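Student: Below you'll find query_33.pdb; it's PDB, C-alpha atoms and all ligand atoms.
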ATOM      1  CA  MET A  40     -60.056-212.265  60.627
ATOM      2  CA  TYR A  41     -58.000-212.690  57.456
ATOM      3  CA  ILE A  42     -59.441-215.357  55.153
ATOM      4  CA  VAL A  43     -57.168-216.773  52.497
ATOM      5  CA  SER A  44     -59.092-217.797  49.388
ATOM      6  CA  GLU A  45     -57.600-220.889  47.746
ATOM      7  CA  SER A  46     -57.669-221.468  44.049
ATOM      8  CA  PRO A  47     -60.262-224.072  43.022
ATOM      9  CA  SER A  48     -59.190-227.685  43.010
ATOM     10  CA  VAL A  49     -60.933-230.446  41.034
ATOM     11  CA  ARG A  50     -61.032-234.073  42.156
ATOM     12  CA  ARG A  51     -63.057-237.231  41.649
ATOM     13  CA  ALA A  52     -66.362-237.303  43.580
ATOM     14  CA  THR A  53     -66.808-239.835  46.373
ATOM     15  CA  GLU A  54     -69.776-241.245  48.275
ATOM     16  CA  GLU A  55     -69.125-238.718  51.070
ATOM     17  CA  ASP A  56     -69.596-235.801  48.643
ATOM     18  CA  ILE A  57     -73.104-236.777  47.563
ATOM     19  CA  LYS A  58     -74.965-234.796  50.242
ATOM     20  CA  GLU A  59     -73.229-231.535  49.306
ATOM     21  CA  VAL A  60     -73.495-232.315  45.591
ATOM     22  CA  ASP A  61     -77.230-232.895  45.926
ATOM     23  CA  GLU A  62     -77.658-229.595  47.785
ATOM     24  CA  ILE A  63     -75.991-227.822  44.866
ATOM     25  CA  TYR A  64     -78.173-229.799  42.455
ATOM     26  CA  LYS A  65     -81.348-228.803  44.330
ATOM     27  CA  VAL A  66     -80.595-225.071  44.453
ATOM     28  CA  THR A  67     -79.622-225.149  40.791
ATOM     29  CA  PHE A  68     -82.071-227.486  39.043
ATOM     30  CA  PHE A  69     -84.991-227.305  41.464
ATOM     31  CA  ALA A  70     -87.496-228.427  38.805
ATOM     32  CA  ARG A  71     -85.777-231.727  38.042
ATOM     33  CA  THR A  72     -85.764-235.244  39.407
ATOM     34  CA  LYS A  73     -82.823-236.420  41.504
ATOM     35  CA  PRO A  74     -79.959-238.002  39.576
ATOM     36  CA  ASN A  75     -78.795-241.512  40.407
ATOM     37  CA  TYR A  76     -75.457-240.439  41.868
ATOM     38  CA  GLN A  77     -74.496-243.989  42.882
ATOM     39  CA  LEU A  78     -74.717-245.103  39.276
ATOM     40  CA  PHE A  79     -72.458-242.240  38.157
ATOM     41  CA  LEU A  80     -69.942-243.060  40.902
ATOM     42  CA  LYS A  81     -69.807-246.732  39.961
ATOM     43  CA  ASN A  82     -69.865-246.517  36.160
ATOM     44  CA  GLU A  83     -66.316-246.510  34.840
ATOM     45  CA  ASN A  84     -67.494-244.701  31.720
ATOM     46  CA  CYS A  85     -68.679-241.800  33.843
ATOM     47  CA  LEU A  86     -66.536-238.913  34.983
ATOM     48  CA  PHE A  87     -67.890-237.402  38.178
ATOM     49  CA  PHE A  88     -65.821-234.544  39.572
ATOM     50  CA  VAL A  89     -66.283-231.956  42.296
ATOM     51  CA  VAL A  90     -64.516-228.647  42.649
ATOM     52  CA  THR A  91     -63.496-227.499  46.108
ATOM     53  CA  ILE A  92     -62.556-224.085  47.361
ATOM     54  CA  ASN A  93     -61.533-223.424  50.974
ATOM     55  CA  ASN A  94     -62.418-227.076  51.731
ATOM     56  CA  LYS A  95     -66.006-226.666  50.559
ATOM     57  CA  ILE A  96     -67.574-228.239  47.502
ATOM     58  CA  GLY A  97     -68.490-225.403  45.147
ATOM     59  CA  GLY A  98     -69.745-227.382  42.184
ATOM     60  CA  PHE A  99     -69.757-230.635  40.276
ATOM     61  CA  ILE A 100     -69.746-232.081  36.785
ATOM     62  CA  ILE A 101     -70.846-235.426  35.363
ATOM     63  CA  ALA A 102     -69.795-236.633  31.919
ATOM     64  CA  LEU A 103     -70.313-239.887  30.051
ATOM     65  CA  ILE A 104     -67.941-241.617  27.663
ATOM     66  CA  GLU A 105     -69.353-243.625  24.752
ATOM     67  CA  GLY A 106     -66.448-244.872  22.664
ATOM     68  CA  ASP A 107     -64.657-241.823  21.304
ATOM     69  CA  VAL A 108     -67.593-239.523  22.070
ATOM     70  CA  GLY A 109     -68.100-237.678  25.346
ATOM     71  CA  HIS A 110     -71.274-236.110  26.712
ATOM     72  CA  ILE A 111     -71.443-233.474  29.424
ATOM     73  CA  LEU A 112     -74.542-234.524  31.363
ATOM     74  CA  LEU A 113     -74.599-232.125  34.303
ATOM     75  CA  LEU A 114     -72.623-229.105  35.394
ATOM     76  CA  ALA A 115     -73.511-226.890  38.335
ATOM     77  CA  VAL A 116     -71.764-224.373  40.545
ATOM     78  CA  HIS A 117     -73.404-223.257  43.800
ATOM     79  CA  PRO A 118     -74.938-219.761  43.370
ATOM     80  CA  ASN A 119     -72.701-218.437  46.188
ATOM     81  CA  PHE A 120     -69.560-219.514  44.312
ATOM     82  CA  ARG A 121     -70.366-218.477  40.765
ATOM     83  CA  ARG A 122     -68.202-216.273  38.580
ATOM     84  CA  ARG A 123     -64.979-217.299  40.353
ATOM     85  CA  GLY A 124     -63.701-219.719  37.739
ATOM     86  CA  LEU A 125     -65.117-222.915  39.298
ATOM     87  CA  GLY A 126     -67.190-223.853  36.260
ATOM     88  CA  THR A 127     -64.167-223.281  34.046
ATOM     89  CA  ALA A 128     -61.968-225.411  36.312
ATOM     90  CA  LEU A 129     -64.502-228.279  36.275
ATOM     91  CA  LEU A 130     -64.985-228.187  32.534
ATOM     92  CA  LYS A 131     -61.278-227.881  31.688
ATOM     93  CA  HIS A 132     -60.428-230.784  33.972
ATOM     94  CA  THR A 133     -63.184-232.912  32.422
ATOM     95  CA  LEU A 134     -62.169-232.079  28.836
ATOM     96  CA  SER A 135     -58.606-232.969  29.627
ATOM     97  CA  GLU A 136     -59.638-236.292  31.195
ATOM     98  CA  LEU A 137     -61.972-237.064  28.269
ATOM     99  CA  LYS A 138     -59.095-236.441  25.889
ATOM    100  CA  ARG A 139     -56.783-238.653  27.954
ATOM    101  CA  ARG A 140     -59.421-241.402  27.686
ATOM    102  CA  GLY A 141     -59.432-241.212  23.867
ATOM    103  CA  VAL A 142     -62.507-239.050  23.354
ATOM    104  CA  LYS A 143     -62.456-237.042  20.135
ATOM    105  CA  LYS A 144     -65.739-235.134  20.220
ATOM    106  CA  VAL A 145     -67.717-233.811  23.157
ATOM    107  CA  TYR A 146     -71.416-232.909  23.066
ATOM    108  CA  LEU A 147     -73.770-231.162  25.436
ATOM    109  CA  GLU A 148     -77.202-229.571  25.438
ATOM    110  CA  VAL A 149     -77.827-226.110  26.789
ATOM    111  CA  GLY A 150     -81.062-224.121  27.051
ATOM    112  CA  THR A 151     -81.049-221.285  24.512
ATOM    113  CA  SER A 152     -81.809-218.802  27.314
ATOM    114  CA  ASN A 153     -78.936-220.003  29.499
ATOM    115  CA  ILE A 154     -76.443-217.256  28.652
ATOM    116  CA  PRO A 155     -73.948-217.937  31.500
ATOM    117  CA  ALA A 156     -73.526-221.585  30.498
ATOM    118  CA  MET A 157     -73.417-220.818  26.799
ATOM    119  CA  ASN A 158     -70.723-218.188  27.335
ATOM    120  CA  LEU A 159     -68.688-220.632  29.383
ATOM    121  CA  TYR A 160     -68.981-223.358  26.746
ATOM    122  CA  LYS A 161     -68.095-220.968  23.907
ATOM    123  CA  LYS A 162     -65.106-219.721  25.854
ATOM    124  CA  LEU A 163     -63.804-223.277  26.112
ATOM    125  CA  GLY A 164     -64.237-223.928  22.403
ATOM    126  CA  PHE A 165     -67.722-225.447  22.063
ATOM    127  CA  ARG A 166     -69.623-224.467  18.936
ATOM    128  CA  ILE A 167     -73.371-224.609  18.262
ATOM    129  CA  LYS A 168     -74.102-227.691  16.174
ATOM    130  CA  ASP A 169     -77.890-227.945  16.222
ATOM    131  CA  LEU A 170     -81.081-226.384  17.589
ATOM    132  CA  ARG A 171     -83.881-228.491  19.059
ATOM    133  CA  PHE A 172     -87.247-226.935  19.805
ATOM    134  CA  ASP A 173     -89.212-227.435  23.070
ATOM    135  CA  HIS A 174     -86.744-230.048  24.144
ATOM    136  CA  PHE A 175     -85.720-229.126  27.618
ATOM    137  CA  ILE A 176     -87.015-227.981  30.996
ATOM    138  CA  SER A 177     -85.037-224.839  31.762
ATOM    139  CA  ILE A 178     -83.462-224.265  35.159
ATOM    140  CA  GLU A 179     -86.481-222.031  35.936
ATOM    141  CA  GLY A 180     -88.811-224.939  35.086
ATOM    142  CA  ASN A 181     -90.025-223.630  31.690
ATOM    143  CA  VAL A 182     -89.920-225.546  28.440
ATOM    144  CA  ASP A 183     -86.938-224.259  26.525
ATOM    145  CA  ASP A 184     -85.316-224.828  23.164
ATOM    146  CA  VAL A 185     -81.807-226.206  23.338
ATOM    147  CA  TYR A 186     -78.636-225.812  21.433
ATOM    148  CA  VAL A 187     -76.610-228.951  20.927
ATOM    149  CA  MET A 188     -72.996-227.864  21.272
ATOM    150  CA  GLU A 189     -69.929-229.721  20.082
ATOM    151  CA  LYS A 190     -66.231-229.523  20.770
ATOM    152  CA  ASP A 191     -63.535-231.266  18.776
ATOM    153  CA  LEU A 192     -60.809-232.314  21.209
ATOM    154  CA  GLU A 193     -58.388-233.064  18.405
ATOM    155  CA  GLU A 194     -58.439-229.458  17.238
ATOM    156  CA  ASP A 195     -57.048-227.762  20.327
ATOM    157  CA  ALA A 196     -53.920-229.430  21.590
ATOM    158  CA  HIS A 197     -52.941-226.063  23.109
ATOM    159  CA  GLU A 198     -55.961-225.886  25.445
ATOM    160  CA  ASN A 199     -56.003-229.337  26.961
TER     161      ASN A 199
HETATM  162  C1  LIG B 201     -72.931-222.121  34.028
HETATM  163  C2  LIG B 201     -72.175-222.200  35.358
HETATM  164  C3  LIG B 201     -71.760-223.653  35.599
HETATM  165  C4  LIG B 201     -70.914-221.310  35.267
HETATM  166  O1  LIG B 201     -70.139-221.521  36.433
HETATM  167  P1  LIG B 201     -69.156-220.382  37.004
HETATM  168  O2  LIG B 201     -68.273-221.009  38.005
HETATM  169  O3  LIG B 201     -69.953-219.212  37.440
HETATM  170  O4  LIG B 201     -68.340-220.002  35.681
HETATM  171  P2  LIG B 201     -66.918-219.275  35.602
HETATM  172  O5  LIG B 201     -66.721-218.368  36.762
HETATM  173  O6  LIG B 201     -65.881-220.298  35.348
HETATM  174  O7  LIG B 201     -67.153-218.376  34.302
HETATM  175  C5  LIG B 201     -66.545-218.682  33.052
HETATM  176  C6  LIG B 201     -67.181-217.845  31.965
HETATM  177  O8  LIG B 201     -68.567-218.210  31.792
HETATM  178  C7  LIG B 201     -69.307-217.038  31.425
HETATM  179  N1  LIG B 201     -70.266-216.696  32.481
HETATM  180  C8  LIG B 201     -70.363-217.247  33.715
HETATM  181  N2  LIG B 201     -71.373-216.669  34.395
HETATM  182  C9  LIG B 201     -71.919-215.747  33.576
HETATM  183  C10 LIG B 201     -72.999-214.850  33.719
HETATM  184  N3  LIG B 201     -73.725-214.777  34.836
HETATM  185  N4  LIG B 201     -73.327-214.064  32.657
HETATM  186  C11 LIG B 201     -72.610-214.115  31.519
HETATM  187  N5  LIG B 201     -71.566-214.956  31.321
HETATM  188  C12 LIG B 201     -71.228-215.761  32.354
HETATM  189  C13 LIG B 201     -68.294-215.919  31.266
HETATM  190  O9  LIG B 201     -67.828-215.957  29.933
HETATM  191  C14 LIG B 201     -67.211-216.372  32.239
HETATM  192  O10 LIG B 201     -65.959-215.811  31.968
HETATM  193  P3  LIG B 201     -65.566-214.388  32.651
HETATM  194  O11 LIG B 201     -65.893-214.486  34.103
HETATM  195  O12 LIG B 201     -64.116-214.282  32.367
HETATM  196  O13 LIG B 201     -66.406-213.378  31.934
HETATM  197  C15 LIG B 201     -73.047-221.674  36.527
HETATM  198  O14 LIG B 201     -73.547-220.388  36.185
HETATM  199  C16 LIG B 201     -74.201-222.576  36.885
HETATM  200  O15 LIG B 201     -74.070-223.504  37.687
HETATM  201  N6  LIG B 201     -75.380-222.307  36.285
HETATM  202  C17 LIG B 201     -76.576-223.082  36.572
HETATM  203  C18 LIG B 201     -76.477-224.505  36.040
HETATM  204  C19 LIG B 201     -76.240-224.540  34.574
HETATM  205  O16 LIG B 201     -76.716-223.708  33.810
HETATM  206  N7  LIG B 201     -75.492-225.570  34.152
HETATM  207  C20 LIG B 201     -75.219-225.810  32.768
HETATM  208  C21 LIG B 201     -76.386-226.497  32.174
HETATM  209  S1  LIG B 201     -76.079-226.910  30.487
END
Just give me the structure as C-alpha cells.
Ligand SMILES: CC(C)(COP(=O)(O)OP(=O)(O)OC[C@H]1O[C@@H](n2cnc3c(N)ncnc32)[C@H](O)[C@@H]1OP(=O)(O)O)[C@@H](O)C(=O)NCCC(=O)NCCS
Tutor:
Amino acid sequence: MYIVSESPSVRRATEEDIKEVDEIYKVTFFARTKPNYQLFLKNENCLFFVVTINNKIGGFIIALIEGDVGHILLLAVHPNFRRRGLGTALLKHTLSELKRRGVKKVYLEVGTSNIPAMNLYKKLGFRIKDLRFDHFISIEGNVDDVYVMEKDLEEDAHEN
C-alpha cells in the first residue's frame, strides 16, 4: 500500500483531543503529575495547540500569556513522530500567535541535559538567559539544572 505522508498541521486543541494529548504526555513526562487540561482549554490567556499528521495527533504545546510576556509551559512530540519537524511546527505557530497577541518576550525552562529541546529552541532564536540549579525534574525523573531561555519577538520580524 502507498501511504502519503502529509505535512504537519497545527490547530487549537479541543476537549476531544485530550485523551491523545495525555497519552503523549504520559510517554514523554512519565515522572510528572497530570496537567489540568480543562483549565488550559478554558483560559483565554492560554494557547493550547496540537499538531496533526495523517489525521493523528503527533504532539502538543501549551503557552501562557501574561501581559506582553509569554511562557512556553509544555511541549511534547510523541516518540514515534520525532525529528519530522512537528516540534518546529508547534513552536513556530505558537510564537507567531504570541506575537499576534502583543507578546514581546517569550520565556521557557529547559533541563540542561535536554539537548533535543535546547537545539530546537536555539534554532528558533531562543537564547540562554539564566541557569538555575537543582530546579527541575528531568524527563527521566532526575533532578536537573535548568536553563531559562528567552526570545525577543520584536527582533525577528522575518521569522514570524
Ligand atoms: C524536543 C521535542 C519537542 C522536539 O520535537 P521534534 O518534533 O522531534 O523536533 P523537530 O523535528 O522539529 O526538530 C527541530 C530541531 O530540533 C533539534 N532536535 C530535535 N531532536 C533532536 C535530537 N534527538 N538530537 C539533537 N537535536 C534534536 C534539531 O536541531 C532539529 O533540527 P534538524 O532536524 O534540522 O536537525 C521532542 O524531542 C520532545 O517531545 N522531547 C521530549 C519533551 C521535551 O523535551 N519537551 C521540551 C521540554 S522543555
Student: For each of A:Ala156, A:Val185, A:Ile92, A:Ile167, take the minimum atom-to-atom distance to ligand LIG 201 (chain B), counting all atoms listed in the file, then give the residue where this is smallest.
Tutor: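 Comparing A:Ala156, A:Val185, A:Ile92, A:Ile167 against ligand LIG 201 (chain B), the winner is A:Ala156.
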Student: Ranking A:His110, A:Arg50, A:Lys81, A:Lys168 by minimum distance to Leu137 of chain A and counting only C-alpha atoms, which one comes first?
Tutor: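 Comparing A:His110, A:Arg50, A:Lys81, A:Lys168 against Leu137 of chain A, the winner is A:His110.
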Student: Taking (-80.9, -228.4, 45.2) in the file's coordinates as the center, which residues reach within 12 Å of it, counting only C-alpha atoms, put as a VMD selection string?
Tutor: chain A and resid 57 to 74 98 115 to 118 178
Student: If you count all atoms listed in the file, which residues end up within 9 Å of ligand LIG 201 (chain B), as a ChimeraX atom specification?
Tutor: /A:63-64,67-68,97-100,111-118,120-130,147-150,153-163,177-178
Student: What does the structure give for the distance between atom CA of Arg171 of chain A and atom CA of Lys190 of chain A, in Å to one decimal?
Tutor: 17.8 Å
Student: Measure the distance from atom CA of Ile101 of chain A to atom CA of Asp173 of chain A in Å and round it to one decimal.
Tutor: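 Spanning atom CA of Ile101 of chain A to atom CA of Asp173 of chain A is a straight-line distance of 23.5 Å.
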